[in-house]
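Chemist: Take a look at this one; I'll ask things after.
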Protein chains: 2
Amino acid sequence: MTQVFDAPDEFAETALQGFCAANADRVRAVAHGAVRAAPGARGKVALLVGGGSGHYPAFLGYVGTGFADAAVAGDVFASPSTAWIYRVARAANRGGGVILGFGNYAGDVLNFGSAAEQLRAEGIDARILAVTDDVASAKADERTKRRGVAGDLPVFKIVGAAAEAGLDMDAVMTVAAKVNGATVSFGVAFDGCTLPGQGTPLFTVDKGQVGMGLGIHGEPGISTKPMMPAVELARTLLEPLLAERPAGHDGRVAVILNGLGRTKYEELFVLWHHLTGMLADAGLTVVEPEVGEFVTSLDMAGCSLTLTWLDDELEGYWRAPADAPAFRKGTVARPLNAEAAETEIEAEAEIAPGSPESQEAGRRVAALIGHVANALADAEEELGRIDAQAGDGDHGQGMARGSAAAAAAAGKAVQAGAGAGTVLSLAGDAWADRAGGTSGALWGVALRAWGQALGDGEKPSAATVARGARAAHDAIVRLGGAKVGDKTLVDSLVPFVEVLNEQVAAGESLGVAWAAAAARSTEAADATAQLTPKLGRARPLAERSLGHPDAGAISLALCARVVGANLSE
Amino acid sequence: MTQVFDAPDEFAETALQGFCAANADRVRAVAHGAVRAAPGARGKVALLVGGGSGHYPAFLGYVGTGFADAAVAGDVFASPSTAWIYRVARAANRGGGVILGFGNYAGDVLNFGSAAEQLRAEGIDARILAVTDDVASAKADERTKRRGVAGDLPVFKIVGAAAEAGLDMDAVMTVAAKVNGATVSFGVAFDGCTLPGQGTPLFTVDKGQVGMGLGIHGEPGISTKPMMPAVELARTLLEPLLAERPAGHDGRVAVILNGLGRTKYEELFVLWHHLTGMLADAGLTVVEPEVGEFVTSLDMAGCSLTLTWLDDELEGYWRAPADAPAFRKGTVARPLNAEAAETEIEAEAEIAPGSPESQEAGRRVAALIGHVANALADAEEELGRIDAQAGDGDHGQGMARGSAAAAAAAGKAVQAGAGAGTVLSLAGDAWADRAGGTSGALWGVALRAWGQALGDGEKPSAATVARGARAAHDAIVRLGGAKVGDKTLVDSLVPFVEVLNEQVAAGESLGVAWAAAAARSTEAADATAQLTPKLGRARPLAERSLGHPDAGAISLALCARVVGANLSE
């Protein structure tokens, strides 16, 4: 289990600071991430990599010449927020655009995708690269559904080398698509890992058993088998990969044998001894293999094998020198008088004052957010408990943290004279930033969309508020892709928005309409909760994290009720 | 626990082969170890490092330019045998002599010391360097009693750099003494590790507790405390080291924060975040810190902090470039057309034929060794069980393996026409080579000494055999340093030798004398076994491994009885 931490929710952030301090000669700390101390050439395509923490050397250990330009670190096993990614990507940009690389998990897809949109809106050429190497997570003809595991290493290494070589964005992305398509991994687990501050493992594997294809966050595998000798284990790791050998391929492969944390070096070397023979028997030529820890999962016991089917181009980039804290290859002359990276100074956004009516409405909005934050703080434990039945139990924490930050940001905006729209938008940004994860991102875009609908001019009418609710709904559906019945917050959001709009259209006051909408929303949330089977730990985290099934619906209904109870007109 | 292995007793050897295969561009495999693929300059001082397996990156991961010239790998947590060390050292020698570096444990002291003697006897300037950095294992005024832990990294790195710089042997040894004296470590453990094939851990730490100063094989620490936040843990690690700051030192330190296996990178970075502030507050200037895994202990949970108090000379060697599989620093141009290392071809030693009488005696000696090997194979499990009460439970395995190899070597010697003395000597060499560990080394020197007493000329008389027994005893005491009452094999060896000599001097036949001696030896062994308290896991492995208390005495008495029963005159 994870033993060394202070407050569990500061673990990832403190680890990031420690990493940057230990590698001060190689990286420069930025908020929620790190960039190279000696930036790459001006105009080069930048590679930003990231995801949840707990996987070191992924992703911070990859920052360096010939590899990534920057890394962004979320909380443990949680996607970094859109805002965090956006900011680190801006710091990484050398003028040639930024590739946002991550493993293919729902929360990451959502946040990295959203950050890319924001960057493109500012004229930065941002592309996304979701690594999909885990053959156990979907069949070969559903390649885009596969999770990203230790294939992160060769994919990012090769893309980083292509970018370092000076290829333009389209050319680097062509390499990226090729190497991701040529990379396959298969993993086994002997035991689960334990999050900082948790007394029990996130998941377990029965003693004496091997979880075949189990994911690095405990996502379900394809089967369980009794523990076997190393020679059989080697064969078990290799076979599913050989089955995907591209037709006519000449057999050159980069090979990574990766330990997940508790399976140690000598054990990996024992496996490697067997694998060398088996790879040769299969007619493969191994190019610069790596045996060690590259994508870990806290103290999880297990390992994975990765093959990248090489051609001349990929082989060249795989062999190219690299110099990152956790990965070195060949000889890279360390820049001695490196151009210092520009310090990213985020100017506080100027707040344009709202109209007096809208300022007054803004004060009420801020007060309502304060009530919501109080209610969510009270409900944190209960929401966590509910979420733990089907998810990873962090929903209460995320909601409490996000709403508290939103309330603080709203208060600050009110002080600066903001109108209702800006108050709500900035509250949303703060929520997403501080809550992290998928639901934080969803609440962030929802509040921002709602705020934009309110504006900072006229006093918001009931009709405006109802339109705002619809805009919030649309933003969530656009970003999250869920629909009613998927057991996400959409299940209680949709009835809320529909009833609110119906009642307002029928001439009811905002207070009455809101109360009716909140009641319907609560009914829907309760129904969702009852429909949701006790899924235990068997459900993939990727699926679990998408809006936190039932817990997300429940917390949304709770917020709706709290606001309704405090809406005094 | 260790999960990946085939036959447990092949684990270390297979891991070594896998390591060499994975790093074929950097190292060349030799029997029981690895040397640099591109050897250092001719005439340079060579650094051989080693010890038991299970500590990777120590020691194999240190082989490379600017660091070690070679490493020798024993079985898991067991010293390599004298013969293994001797052979790898010869392969490492570049003509400038060899430093044999190891952590200060009884078995290693014995085997590396013995190998150094053998090398010097051949005119190779061999020196020993026992790292003694663990402040928890003895007080500062008993520095030479301290165990070696993660201080291996800076000590070997700095010595390796000095050797690479071309210093002569005396100058490198001066640096070695200085850096070992300037290096201090303190470690904590959260949980024990499990040997390959074992169902239970070698030792444990109570849940929620921290073993302070616990050794990397479970040697007892100085106290147990409840688990604490990371910031307190950082202080706990640092304070005992600050207490040993040399008077007037300017505060420049190399710092290593080392994970023992299951305590992962992010946890170490959390600690490092706190340590940076504390080190600065203490007025220390950190020079190129290392945070990661450098000396592990299979899947043990815990970590250690190491400081090396630098001066200009040590700082220069610490900063010097190095390029080893598990440790790189600065930029080392990889030799492209490296002079290939000479292949070490050990010519089979020529066997001079013995006299016909001695050949006949040699056949009987070989047959007796065969009986001993059979008996020890039968007793393997029981001896392991007895040893596990006070030791690490591998005594039965070592005895079975050693005697089987001895029997095979004796048979081969007989085929080649060897006399009794040579048969017994070669059997001893094979025993030490294959059994490994301390008791293997002791049995090896004993049989060799006995064989030299028998010679290859005259038919051995009862008096010659009795003199041989005394020579064997003297060799064991000289090498192991134990005396009667220390609960080692000496407890049953001494009465055997005394009774045998008394009875032979009194005119008894060898058969009668031997039977009486074996009976007294058995009584002594039983007494030792009954006197030995159930020590559980609390006893230091260093102490435990010295002749395997009671198990060693019992197995010696068993061998004496088996020989007695088959002595037909």
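Here's how to read the names in the structure tokens: chain A, B, ... by the order shown, residue numbers from 1 in each chain, ligand numbers from 1 in the order shown.
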Compile the residues of chain A that lie within 6 Å of chain B, evaluated using only C-alpha atoms, and express the compilation as a ChimeraX atom specification.
Modeler: /A:4-6,14-15,18-19,229-230,262,266-267,269-270,272-273,299
Chemist: Would you please extract all alpha helix (DSSP H) residues from region 275-516 of chain A, as assigned by DSSP on the backbone, and give them as a PyMOL selection string?
Modeler: chain A and resi 275-281+312-319+356-390+395-415+420-435+437-454+462-480+490-505+510-516
Chemist: Please identify all polymer residues within 6 Å of region 157-170 of chain B, counting only C-alpha atoms, omitting same-chain residues fewer than 3 positions from it, and present them as an NGL selection string.
Modeler: :B and (44-45 or 66-68 or 153-154 or 173 or 176 or 317-318)
Chemist: As a ChimeraX atom specification, please: every residue in region 288-452 of chain B that DSSP puts in strand (DSSP E).
Modeler: /B:288-292,301-309,322-324,327-329
Chemist: Excluding region 502-519 of chain A and its own-chain neighbours fewer than 2 positions away, which residues fall within 12 Å of it when counting only C-alpha atoms? Please give them as a PyMOL selection string.
Modeler: chain A and resi 460-467+469-470+492-500+521-526+553-569
Chemist: Please list as a PyMOL selection string every residue within 7 Å of region 430-438 of chain B, counting only C-alpha atoms and excluding residues in the same chain fewer than 2 positions away.
Modeler: chain B and resi 78-81+83-84+107+398-399+401-403+405-406+409+426-428+440-444+545-547
Chemist: For the residues in the current selection, export N, CA, C and O atoms as a JSON list (two decimals), in the first residue's frame.
Modeler:
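Result saved to result20.json:
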[["chain", "number", "residue", "atom", "x", "y", "z"],
["B", 78, "ALA", "N", 22.33, -14.06, -0.55],
["B", 78, "ALA", "CA", 23.43, -14.92, -0.10],
["B", 78, "ALA", "C", 24.71, -14.48, -0.80],
["B", 78, "ALA", "O", 24.71, -14.19, -1.99],
["B", 79, "SER", "N", 25.78, -14.45, -0.08],
["B", 79, "SER", "CA", 27.06, -14.08, -0.68],
["B", 79, "SER", "C", 27.40, -15.01, -1.83],
["B", 79, "SER", "O", 27.14, -16.21, -1.76],
["B", 80, "PRO", "N", 27.99, -14.46, -2.88],
["B", 80, "PRO", "CA", 28.56, -15.36, -3.90],
["B", 80, "PRO", "C", 29.70, -16.14, -3.26],
["B", 80, "PRO", "O", 30.29, -15.71, -2.28],
["B", 81, "SER", "N", 29.99, -17.29, -3.83],
["B", 81, "SER", "CA", 31.06, -18.11, -3.26],
["B", 81, "SER", "C", 32.42, -17.49, -3.60],
["B", 81, "SER", "O", 32.55, -16.67, -4.50],
["B", 83, "ALA", "N", 34.86, -18.88, -4.99],
["B", 83, "ALA", "CA", 35.28, -19.24, -6.35],
["B", 83, "ALA", "C", 34.62, -18.35, -7.39],
["B", 83, "ALA", "O", 35.25, -17.95, -8.38],
["B", 84, "TRP", "N", 33.33, -18.03, -7.19],
["B", 84, "TRP", "CA", 32.65, -17.16, -8.15],
["B", 84, "TRP", "C", 33.32, -15.79, -8.18],
["B", 84, "TRP", "O", 33.55, -15.20, -9.23],
["B", 107, "GLY", "N", 28.96, -13.10, 5.56],
["B", 107, "GLY", "CA", 29.21, -14.03, 4.46],
["B", 107, "GLY", "C", 30.03, -13.38, 3.36],
["B", 107, "GLY", "O", 30.93, -14.00, 2.78],
["B", 398, "GLY", "N", 21.57, -25.49, 0.54],
["B", 398, "GLY", "CA", 22.99, -25.26, 0.30],
["B", 398, "GLY", "C", 23.79, -26.55, 0.50],
["B", 398, "GLY", "O", 24.68, -26.88, -0.29],
["B", 399, "MET", "N", 23.48, -27.29, 1.57],
["B", 399, "MET", "CA", 24.21, -28.52, 1.86],
["B", 399, "MET", "C", 23.96, -29.57, 0.77],
["B", 399, "MET", "O", 24.88, -30.27, 0.33],
["B", 401, "ARG", "N", 22.99, -29.08, -2.30],
["B", 401, "ARG", "CA", 23.57, -28.65, -3.56],
["B", 401, "ARG", "C", 25.09, -28.79, -3.54],
["B", 401, "ARG", "O", 25.71, -29.27, -4.50],
["B", 402, "GLY", "N", 25.70, -28.39, -2.45],
["B", 402, "GLY", "CA", 27.15, -28.43, -2.33],
["B", 402, "GLY", "C", 27.67, -29.87, -2.37],
["B", 402, "GLY", "O", 28.63, -30.18, -3.07],
["B", 403, "SER", "N", 27.01, -30.75, -1.60],
["B", 403, "SER", "CA", 27.50, -32.13, -1.53],
["B", 403, "SER", "C", 27.30, -32.86, -2.85],
["B", 403, "SER", "O", 28.13, -33.69, -3.24],
["B", 405, "ALA", "N", 27.43, -31.50, -5.80],
["B", 405, "ALA", "CA", 28.51, -31.03, -6.68],
["B", 405, "ALA", "C", 29.83, -31.65, -6.28],
["B", 405, "ALA", "O", 30.66, -32.01, -7.13],
["B", 406, "ALA", "N", 30.04, -31.80, -4.97],
["B", 406, "ALA", "CA", 31.28, -32.40, -4.47],
["B", 406, "ALA", "C", 31.39, -33.85, -4.93],
["B", 406, "ALA", "O", 32.46, -34.31, -5.35],
["B", 409, "ALA", "N", 32.27, -33.91, -8.60],
["B", 409, "ALA", "CA", 33.66, -33.52, -8.81],
["B", 409, "ALA", "C", 34.60, -34.64, -8.37],
["B", 409, "ALA", "O", 35.63, -34.91, -9.02],
["B", 426, "LEU", "N", 39.33, -31.26, -4.60],
["B", 426, "LEU", "CA", 38.47, -30.83, -5.70],
["B", 426, "LEU", "C", 36.99, -30.93, -5.29],
["B", 426, "LEU", "O", 36.17, -30.10, -5.70],
["B", 427, "ALA", "N", 36.68, -31.92, -4.48],
["B", 427, "ALA", "CA", 35.31, -32.02, -3.96],
["B", 427, "ALA", "C", 34.98, -30.76, -3.14],
["B", 427, "ALA", "O", 33.89, -30.20, -3.23],
["B", 428, "GLY", "N", 35.94, -30.33, -2.32],
["B", 428, "GLY", "CA", 35.73, -29.13, -1.50],
["B", 428, "GLY", "C", 35.51, -27.90, -2.35],
["B", 428, "GLY", "O", 34.60, -27.09, -2.10],
["B", 440, "GLY", "N", 28.89, -22.96, 2.71],
["B", 440, "GLY", "CA", 29.55, -23.53, 1.53],
["B", 440, "GLY", "C", 31.03, -23.19, 1.53],
["B", 440, "GLY", "O", 31.88, -24.06, 1.28],
["B", 441, "ALA", "N", 31.35, -21.95, 1.84],
["B", 441, "ALA", "CA", 32.75, -21.53, 1.86],
["B", 441, "ALA", "C", 33.51, -22.30, 2.94],
["B", 441, "ALA", "O", 34.65, -22.74, 2.74],
["B", 442, "LEU", "N", 32.87, -22.50, 4.10],
["B", 442, "LEU", "CA", 33.54, -23.20, 5.20],
["B", 442, "LEU", "C", 33.79, -24.67, 4.85],
["B", 442, "LEU", "O", 34.88, -25.20, 5.08],
["B", 443, "TRP", "N", 32.77, -25.33, 4.31],
["B", 443, "TRP", "CA", 32.95, -26.72, 3.90],
["B", 443, "TRP", "C", 34.03, -26.82, 2.82],
["B", 443, "TRP", "O", 34.81, -27.76, 2.79],
["B", 444, "GLY", "N", 34.07, -25.85, 1.94],
["B", 444, "GLY", "CA", 35.07, -25.85, 0.87],
["B", 444, "GLY", "C", 36.49, -25.82, 1.42],
["B", 444, "GLY", "O", 37.33, -26.67, 1.08],
["B", 545, "SER", "N", 23.79, -16.10, 9.35],
["B", 545, "SER", "CA", 24.38, -16.81, 8.23],
["B", 545, "SER", "C", 25.76, -17.36, 8.57],
["B", 545, "SER", "O", 26.30, -18.15, 7.84],
["B", 546, "LEU", "N", 26.32, -16.95, 9.69],
["B", 546, "LEU", "CA", 27.66, -17.42, 10.04],
["B", 546, "LEU", "C", 27.60, -18.86, 10.50],
["B", 546, "LEU", "O", 27.52, -19.16, 11.68],
["B", 547, "GLY", "N", 27.66, -19.78, 9.55],
["B", 547, "GLY", "CA", 27.69, -21.19, 9.89],
["B", 547, "GLY", "C", 26.33, -21.75, 10.25],
["B", 547, "GLY", "O", 26.26, -22.88, 10.73]]
Chemist: When distances are computed from only C-alpha atoms, which of A:Ala408, A:Val155, A:Ala243, A:Val135 shows the smallest separation from Ser304 (chain A)?
Modeler: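 Ranking A:Ala408, A:Val155, A:Ala243, A:Val135 by distance to Ser304 (chain A), first place goes to A:Val135.
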